[in-house]
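K.L.:
Structure: upload.txt, compact mmCIF, C-alpha atoms.
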```
# COMPACT_ATOMS: atom_id res chain seq x y z
CA MET S 1 172.87 119.56 94.94
CA LEU S 2 170.84 122.45 93.56
CA ALA S 3 168.07 120.03 92.57
CA LEU S 4 168.07 118.50 96.05
CA GLY S 5 167.89 121.97 97.58
CA GLY S 6 164.95 122.73 95.32
CA VAL S 7 163.14 119.60 96.53
CA LEU S 8 163.67 120.48 100.19
CA LEU S 9 162.58 124.08 99.71
CA ALA S 10 159.53 123.10 97.66
CA TYR S 11 158.50 120.53 100.28
CA THR S 12 158.88 123.16 103.01
CA LEU S 13 156.84 125.57 100.90
CA VAL S 14 154.02 123.05 100.57
CA MET S 15 154.00 122.33 104.29
CA VAL S 16 153.98 126.01 105.25
CA GLY S 17 151.11 126.54 102.81
CA SER S 18 149.22 123.64 104.36
CA TRP S 19 149.83 124.91 107.88
CA THR S 20 148.69 128.38 106.81
CA ARG S 21 145.37 127.05 105.53
CA ILE S 22 144.83 124.70 108.48
CA ASN S 23 145.24 127.64 110.86
CA GLY S 24 142.77 129.77 108.89
CA ALA S 25 145.42 132.22 107.70
CA GLY S 26 145.03 131.64 103.99
CA MET S 27 143.33 134.99 103.37
CA THR S 28 145.33 137.14 105.79
CA CYS S 29 146.93 138.59 102.65
CA PRO S 30 143.78 139.36 100.63
CA ASP S 31 145.70 140.68 97.63
CA TRP S 32 148.33 139.17 95.31
CA PRO S 33 151.25 139.31 94.64
CA LEU S 34 151.55 141.99 97.33
CA CYS S 35 150.35 141.43 100.88
CA ARG S 36 148.07 144.13 102.21
CA GLY S 37 149.45 146.44 99.57
CA ALA S 38 153.08 146.01 100.62
CA VAL S 39 156.03 143.83 99.73
CA VAL S 40 156.68 143.35 103.45
CA PRO S 41 153.48 143.94 105.46
CA VAL S 42 153.14 144.32 109.19
CA LEU S 43 154.06 140.82 110.34
CA ARG S 44 151.64 139.82 113.04
CA GLY S 45 149.12 137.05 113.52
CA GLY S 46 148.33 134.88 110.54
CA VAL S 47 150.00 137.35 108.18
CA VAL S 48 153.34 135.86 109.26
CA LEU S 49 152.40 132.43 107.92
CA GLU S 50 150.95 133.66 104.64
CA TRP S 51 153.84 136.05 103.96
CA LEU S 52 156.39 133.33 104.82
CA HIS S 53 154.68 131.05 102.32
CA ARG S 54 155.03 133.69 99.62
CA LEU S 55 158.63 134.40 100.57
CA LEU S 56 159.55 130.74 100.18
CA ALA S 57 157.83 130.72 96.79
CA PHE S 58 159.91 133.74 95.78
CA LEU S 59 163.12 131.99 96.84
CA GLU S 60 162.11 128.88 94.91
CA THR S 61 162.07 131.01 91.77
CA PHE S 62 165.85 131.41 91.90
CA ILE S 63 166.42 127.69 92.37
CA VAL S 64 164.14 126.81 89.46
CA ALA S 65 165.85 129.40 87.27
CA GLY S 66 169.27 128.08 88.28
CA LEU S 67 168.28 124.51 87.51
CA ILE S 68 166.95 125.41 84.09
CA ILE S 69 169.98 127.52 83.14
CA GLY S 70 172.48 124.99 84.47
CA GLY S 71 170.56 122.00 83.17
CA LEU S 72 170.45 123.29 79.62
CA ARG S 73 174.21 122.88 79.44
CA LEU S 74 173.99 119.26 80.66
CA ARG S 75 170.94 118.03 78.75
CA ALA S 76 173.09 116.33 76.11
CA ARG S 77 174.80 114.22 78.77
CA VAL S 78 171.91 113.31 81.07
CA ALA S 79 169.07 111.25 79.63
CA GLY S 80 165.66 112.88 79.80
CA LEU S 81 166.92 116.08 81.41
CA GLY S 82 165.75 118.34 78.61
CA ARG S 83 162.12 117.25 78.94
CA LEU S 84 162.25 117.45 82.71
CA LEU S 85 163.50 121.04 82.50
CA ILE S 86 160.64 121.97 80.18
CA ALA S 87 158.19 120.36 82.58
CA LEU S 88 159.80 122.17 85.52
CA GLY S 89 159.39 125.58 83.91
CA ALA S 90 155.78 124.90 82.89
CA VAL S 91 154.70 123.51 86.25
CA PHE S 92 156.38 126.34 88.16
CA VAL S 93 154.56 128.98 86.09
CA LEU S 94 151.31 127.07 86.66
CA GLN S 95 151.92 126.90 90.40
CA VAL S 96 152.63 130.63 90.69
CA GLY S 97 149.53 131.46 88.66
CA LEU S 98 147.33 129.21 90.78
CA GLY S 99 148.67 130.94 93.88
CA GLY S 100 147.05 134.13 92.63
CA VAL S 101 143.88 132.27 91.65
CA THR S 102 143.41 130.89 95.18
CA ILE S 103 143.44 134.46 96.52
CA ALA S 104 141.05 135.69 93.83
CA LEU S 105 138.67 132.83 94.65
CA ALA S 106 139.09 133.22 98.43
CA ASN S 107 140.59 129.75 98.88
CA SER S 108 137.64 127.91 97.39
CA PRO S 109 137.93 124.11 97.66
CA LEU S 110 138.55 123.70 93.92
CA SER S 111 141.27 126.36 93.83
CA VAL S 112 142.96 124.85 96.89
CA MET S 113 142.90 121.39 95.31
CA LEU S 114 144.39 122.69 92.05
CA HIS S 115 147.04 124.67 93.92
CA TRP S 116 147.99 121.62 95.99
CA GLY S 117 148.05 119.43 92.90
CA ALA S 118 150.37 121.84 91.07
CA ALA S 119 152.61 121.98 94.14
CA MET S 120 152.87 118.18 94.12
CA LEU S 121 153.66 118.17 90.40
CA LEU S 122 156.42 120.72 91.03
CA LEU S 123 157.80 118.55 93.81
CA ALA S 124 157.60 115.47 91.60
CA THR S 125 159.46 117.20 88.77
CA LEU S 126 162.19 118.51 91.06
CA THR S 127 162.51 115.08 92.67
CA SER S 128 162.76 113.41 89.27
CA ILE S 129 165.55 115.79 88.26
CA ALA S 130 167.41 115.08 91.50
CA VAL S 131 167.06 111.30 91.06
CA VAL S 132 168.19 111.44 87.43
CA ALA S 133 171.16 113.60 88.38
CA PHE S 134 172.29 111.29 91.19
CA ALA S 135 171.27 107.85 89.95
CA SER S 136 171.49 107.74 86.19
CA ASP S 137 174.58 107.06 84.13
CA ARG S 138 176.01 110.04 82.30
CA LEU S 139 175.05 108.73 78.90
CA GLU S 140 173.92 110.38 75.69
CA ALA S 141 170.50 112.02 75.70
CA SER S 142 169.25 109.46 73.17
CA ARG S 143 168.99 106.85 75.92
CA THR S 144 165.36 106.07 76.67
CA PHE S 145 163.69 105.37 79.98
CA ALA S 146 162.16 101.92 80.42
CA TRP S 147 158.69 103.16 81.30
CA ARG S 148 157.14 99.82 80.39
CA GLN S 149 158.76 98.14 83.38
CA ALA S 150 157.84 101.10 85.57
CA MET S 151 154.19 101.17 84.44
CA PRO S 152 152.73 99.47 87.57
CA LEU S 153 154.64 101.93 89.74
CA LEU S 154 153.64 104.83 87.50
CA THR S 155 150.00 103.80 87.92
CA ALA S 156 150.37 103.68 91.71
CA THR S 157 152.08 107.08 91.68
CA GLY S 158 149.30 108.59 89.61
CA TRP S 159 146.72 107.10 91.96
CA ALA S 160 148.57 108.54 94.95
CA PHE S 161 148.40 111.96 93.26
CA ALA S 162 144.64 111.64 92.71
CA THR S 163 144.13 110.51 96.32
CA MET S 164 146.05 113.53 97.63
CA CYS S 165 144.07 115.94 95.47
CA ALA S 166 140.81 114.42 96.70
CA GLY S 167 142.06 114.79 100.27
CA ALA S 168 142.89 118.45 99.67
CA TYR S 169 139.36 119.06 98.39
CA VAL S 170 137.80 117.23 101.34
CA SER S 171 139.88 119.17 103.84
CA SER S 172 139.34 122.60 102.28
CA SER S 173 135.59 122.03 101.86
CA GLY S 174 135.14 121.25 105.55
CA ALA S 175 134.16 117.63 104.91
CA GLY S 176 136.94 116.15 107.01
CA LEU S 177 134.52 115.03 109.73
CA ALA S 178 131.49 114.40 107.52
CA CYS S 179 131.94 110.70 108.32
CA PRO S 180 132.79 110.44 112.03
CA SER S 181 133.19 106.66 111.92
CA VAL S 182 135.68 104.27 110.29
CA PRO S 183 135.69 102.55 107.86
CA GLY S 184 132.12 103.30 106.76
CA CYS S 185 130.03 106.45 107.05
CA GLY S 186 127.46 105.90 109.75
CA ALA S 187 124.33 103.90 109.06
CA GLY S 188 124.86 104.04 105.30
CA PHE S 189 128.34 102.83 104.44
CA PHE S 190 128.78 105.34 101.59
CA GLY S 191 127.02 108.22 103.33
CA GLN S 192 123.92 110.18 102.41
CA THR S 193 125.10 113.77 101.87
CA LEU S 194 127.54 115.38 99.46
CA PRO S 195 130.22 116.00 102.13
CA GLN S 196 129.94 112.36 103.19
CA ALA S 197 130.25 111.25 99.57
CA LEU S 198 133.39 113.36 99.23
CA GLN S 199 134.89 111.87 102.36
CA MET S 200 134.10 108.30 101.29
CA THR S 201 135.49 108.94 97.80
CA HIS S 202 138.79 109.94 99.39
CA ARG S 203 138.78 106.80 101.54
CA LEU S 204 138.00 104.52 98.59
CA LEU S 205 140.79 106.11 96.56
CA ALA S 206 143.15 105.46 99.47
CA ALA S 207 142.01 101.83 99.67
CA ALA S 208 142.56 101.39 95.93
CA LEU S 209 146.01 102.93 96.29
CA VAL S 210 146.95 100.15 98.70
CA VAL S 211 145.94 97.61 96.04
CA PHE S 212 147.88 99.37 93.28
CA ALA S 213 150.94 99.70 95.52
CA ALA S 214 150.82 96.00 96.42
CA LEU S 215 150.54 95.05 92.75
CA ALA S 216 153.47 97.30 91.88
CA ALA S 217 155.54 95.64 94.59
CA ALA S 218 154.64 92.18 93.28
CA LEU S 219 155.42 93.06 89.65
CA LEU S 220 158.65 94.98 90.22
CA PRO S 221 161.65 92.80 89.19
CA GLY S 222 163.91 91.89 92.07
CA ALA S 223 166.88 93.10 90.05
CA ALA S 224 165.61 96.68 90.36
CA ARG S 225 167.21 97.00 93.78
CA ARG S 226 167.14 100.75 94.19
CA ALA S 227 163.54 101.00 93.04
CA THR S 228 162.58 98.18 95.40
CA ALA S 229 164.17 99.99 98.34
CA ALA S 230 162.32 103.21 97.49
CA LEU S 231 159.04 101.33 97.09
CA ARG S 232 159.47 99.77 100.52
CA VAL S 233 159.80 103.24 101.99
CA ALA S 234 156.66 104.29 100.10
CA LEU S 235 154.72 101.32 101.49
CA VAL S 236 155.75 102.11 105.06
CA LEU S 237 154.73 105.75 104.61
CA LEU S 238 151.44 104.64 103.04
CA ALA S 239 150.67 102.49 106.08
CA LEU S 240 151.48 105.43 108.34
CA GLN S 241 149.25 107.66 106.22
CA ILE S 242 146.28 105.37 106.74
CA VAL S 243 146.88 105.36 110.49
CA LEU S 244 147.06 109.16 110.53
CA GLY S 245 143.85 109.39 108.53
CA VAL S 246 141.99 107.15 110.97
CA LEU S 247 143.33 109.06 113.98
CA ASN S 248 142.26 112.36 112.42
CA VAL S 249 138.69 111.09 112.28
CA LEU S 250 138.70 109.52 115.73
CA TRP S 251 140.34 112.56 117.36
CA SER S 252 138.27 115.18 115.49
CA LEU S 253 141.01 116.71 113.31
CA PRO S 254 143.48 118.32 115.74
CA PRO S 255 145.60 120.86 113.79
CA GLY S 256 148.92 119.14 114.50
CA LEU S 257 147.62 115.78 113.32
CA ARG S 258 146.09 117.34 110.20
CA GLU S 259 149.46 118.83 109.31
CA ALA S 260 151.18 115.50 109.95
CA HIS S 261 148.66 113.87 107.60
CA ALA S 262 149.40 116.45 104.89
CA ALA S 263 153.17 116.23 105.39
CA ASN S 264 153.17 112.44 105.23
CA ALA S 265 150.95 112.51 102.14
CA GLY S 266 153.59 114.58 100.36
CA ALA S 267 156.39 112.30 101.56
CA THR S 268 154.48 109.19 100.47
CA PHE S 269 153.89 110.61 97.01
CA LEU S 270 157.55 111.56 96.63
CA ALA S 271 158.64 108.06 97.66
CA PHE S 272 156.46 106.65 94.87
CA VAL S 273 157.95 109.17 92.44
CA VAL S 274 161.50 108.15 93.40
CA ALA S 275 160.65 104.46 93.04
CA THR S 276 159.07 105.05 89.63
CA VAL S 277 162.00 107.01 88.23
CA LEU S 278 164.50 104.49 89.60
CA ALA S 279 162.52 101.61 88.10
CA SER S 280 162.61 103.29 84.69
CA LEU S 281 166.36 103.88 84.99
CA GLU S 282 167.14 100.37 86.19
CA GLY S 283 164.80 98.87 83.64
CA ASP S 284 167.04 100.17 80.88
CA GLU S 285 169.63 97.67 82.13
CA VAL S 286 167.30 94.67 82.11
CA THR S 287 167.37 92.42 79.07
CA GLN S 288 165.07 89.57 78.17
CA PHE S 289 167.57 87.21 79.83
CA GLY S 290 167.45 88.95 83.22
CA TRP S 291 169.68 91.48 84.91
CA ALA S 292 172.47 92.31 82.49
CA PRO S 293 173.82 95.86 82.43
CA ARG S 294 174.52 96.96 78.88
CA HIS S 295 176.41 100.11 79.81
CA ARG S 296 179.27 100.94 82.03
CA THR S 297 179.14 103.95 84.25
CA ALA S 298 180.85 106.84 82.54
CA PRO S 299 183.81 108.40 84.36
CA ARG S 300 182.75 111.08 86.78
```
I'd like the structure from this file rewritten - as structure tokens, please.
P.N.:
Amino acid sequence: MLALGGVLLAYTLVMVGSWTRINGAGMTCPDWPLCRGAVVPVLRGGVVLEWLHRLLAFLETFIVAGLIIGGLRLRARVAGLGRLLIALGAVFVLQVGLGGVTIALANSPLSVMLHWGAAMLLLATLTSIAVVAFASDRLEASRTFAWRQAMPLLTATGWAFATMCAGAYVSSSGAGLACPSVPGCGAGFFGQTLPQALQMTHRLLAAALVVFAALAAALLPGAARRATAALRVALVLLALQIVLGVLNVLWSLPPGLREAHAANAGATFLAFVVATVLASLEGDEVTQFGWAPRHRTAPR
């Protein structure tokens, strides 16, 4: 339950951070880690959003610490948990550090993209821990994940991550409306300026993601039932994401729709992460003769 709470809090943290930037409040606290020289500044205007974002990050620290401390005692019983805990600690430190970097660089597009990417990696790690805790058998840590079966899904998940990072750069650089038409960019399909090239790169990455996701769905064994269910959710969210992206262009980026686009991007990525981890877990039960579980679920 602690891992699930960490996922929900981290997702909320990302969305508050996105909403803060969309509303132009990203530099209302021009210093770091304090805000206007105080732990609790005068809360008015955009300062409320930025300070809330930092407060949620502070609260996430306790959940991450609790997961690492508690997980160390269980790593011998839950496959892969030890490595996930190491990754969690490393990514969390990276995310906190990049939070300071974004302030130092005044929310430059590159710093925003890196900060968003680290936030997604933190969410992915927390989600993986939650899935492993709830879905995997309590077997010895020597059990290996069947990443070979999950490789098409892992590829799609990685592509979703790259597409999101490109979207974060496009949004933070002000190139969201560089191409006011869909699917091409005006008279020249690929655009003629750097902002247009950035926008079209994001769109092409999204189009390729659809292909990778479709291939993953076609290659995923039918016996991987839980992974298949998660992938179906991911595909529905991906379709919704494309619709939201088109509407953002046609309706000139209204703030609420921009936030919905960011929120659904995070949800889509997490659905791919869940499907990938489940595929690797279920793949450990698949033999060359088909679906044949080799292990029994250990007593709870």
K.L.:
Can you tell me how far CA of Asp31 (chain S) sits from CA of Pro195 (chain S), in Å to one decimal?
P.N.:
29.5 Å
K.L.:
Using all atoms listed in the file, which of the listed residues (S:Ala10, S:Leu235, S:Leu74, S:Arg225) sits closest to Phe62 (chain S)?
P.N.:
S:Ala10
K.L.:
So the first atom is CA of Gly174 (chain S) and the second is CA of Phe212 (chain S); what is the distance between them in Å, to one decimal place?
P.N.:
28.1 Å
K.L.:
Looking at S:Leu153, S:Met113, S:Ala3, S:Val96, which one is nearest to Ile63 (chain S), with distances taken over all atoms listed in the file?
P.N.:
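Under the stated criterion, the closest residue is S:Ala3.
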K.L.:
Between S:Val249, S:Ala150, S:Leu231, S:Val211, which has the minimum distance to Ala178 (chain S) (counting all atoms listed in the file)?
P.N.:
S:Val249
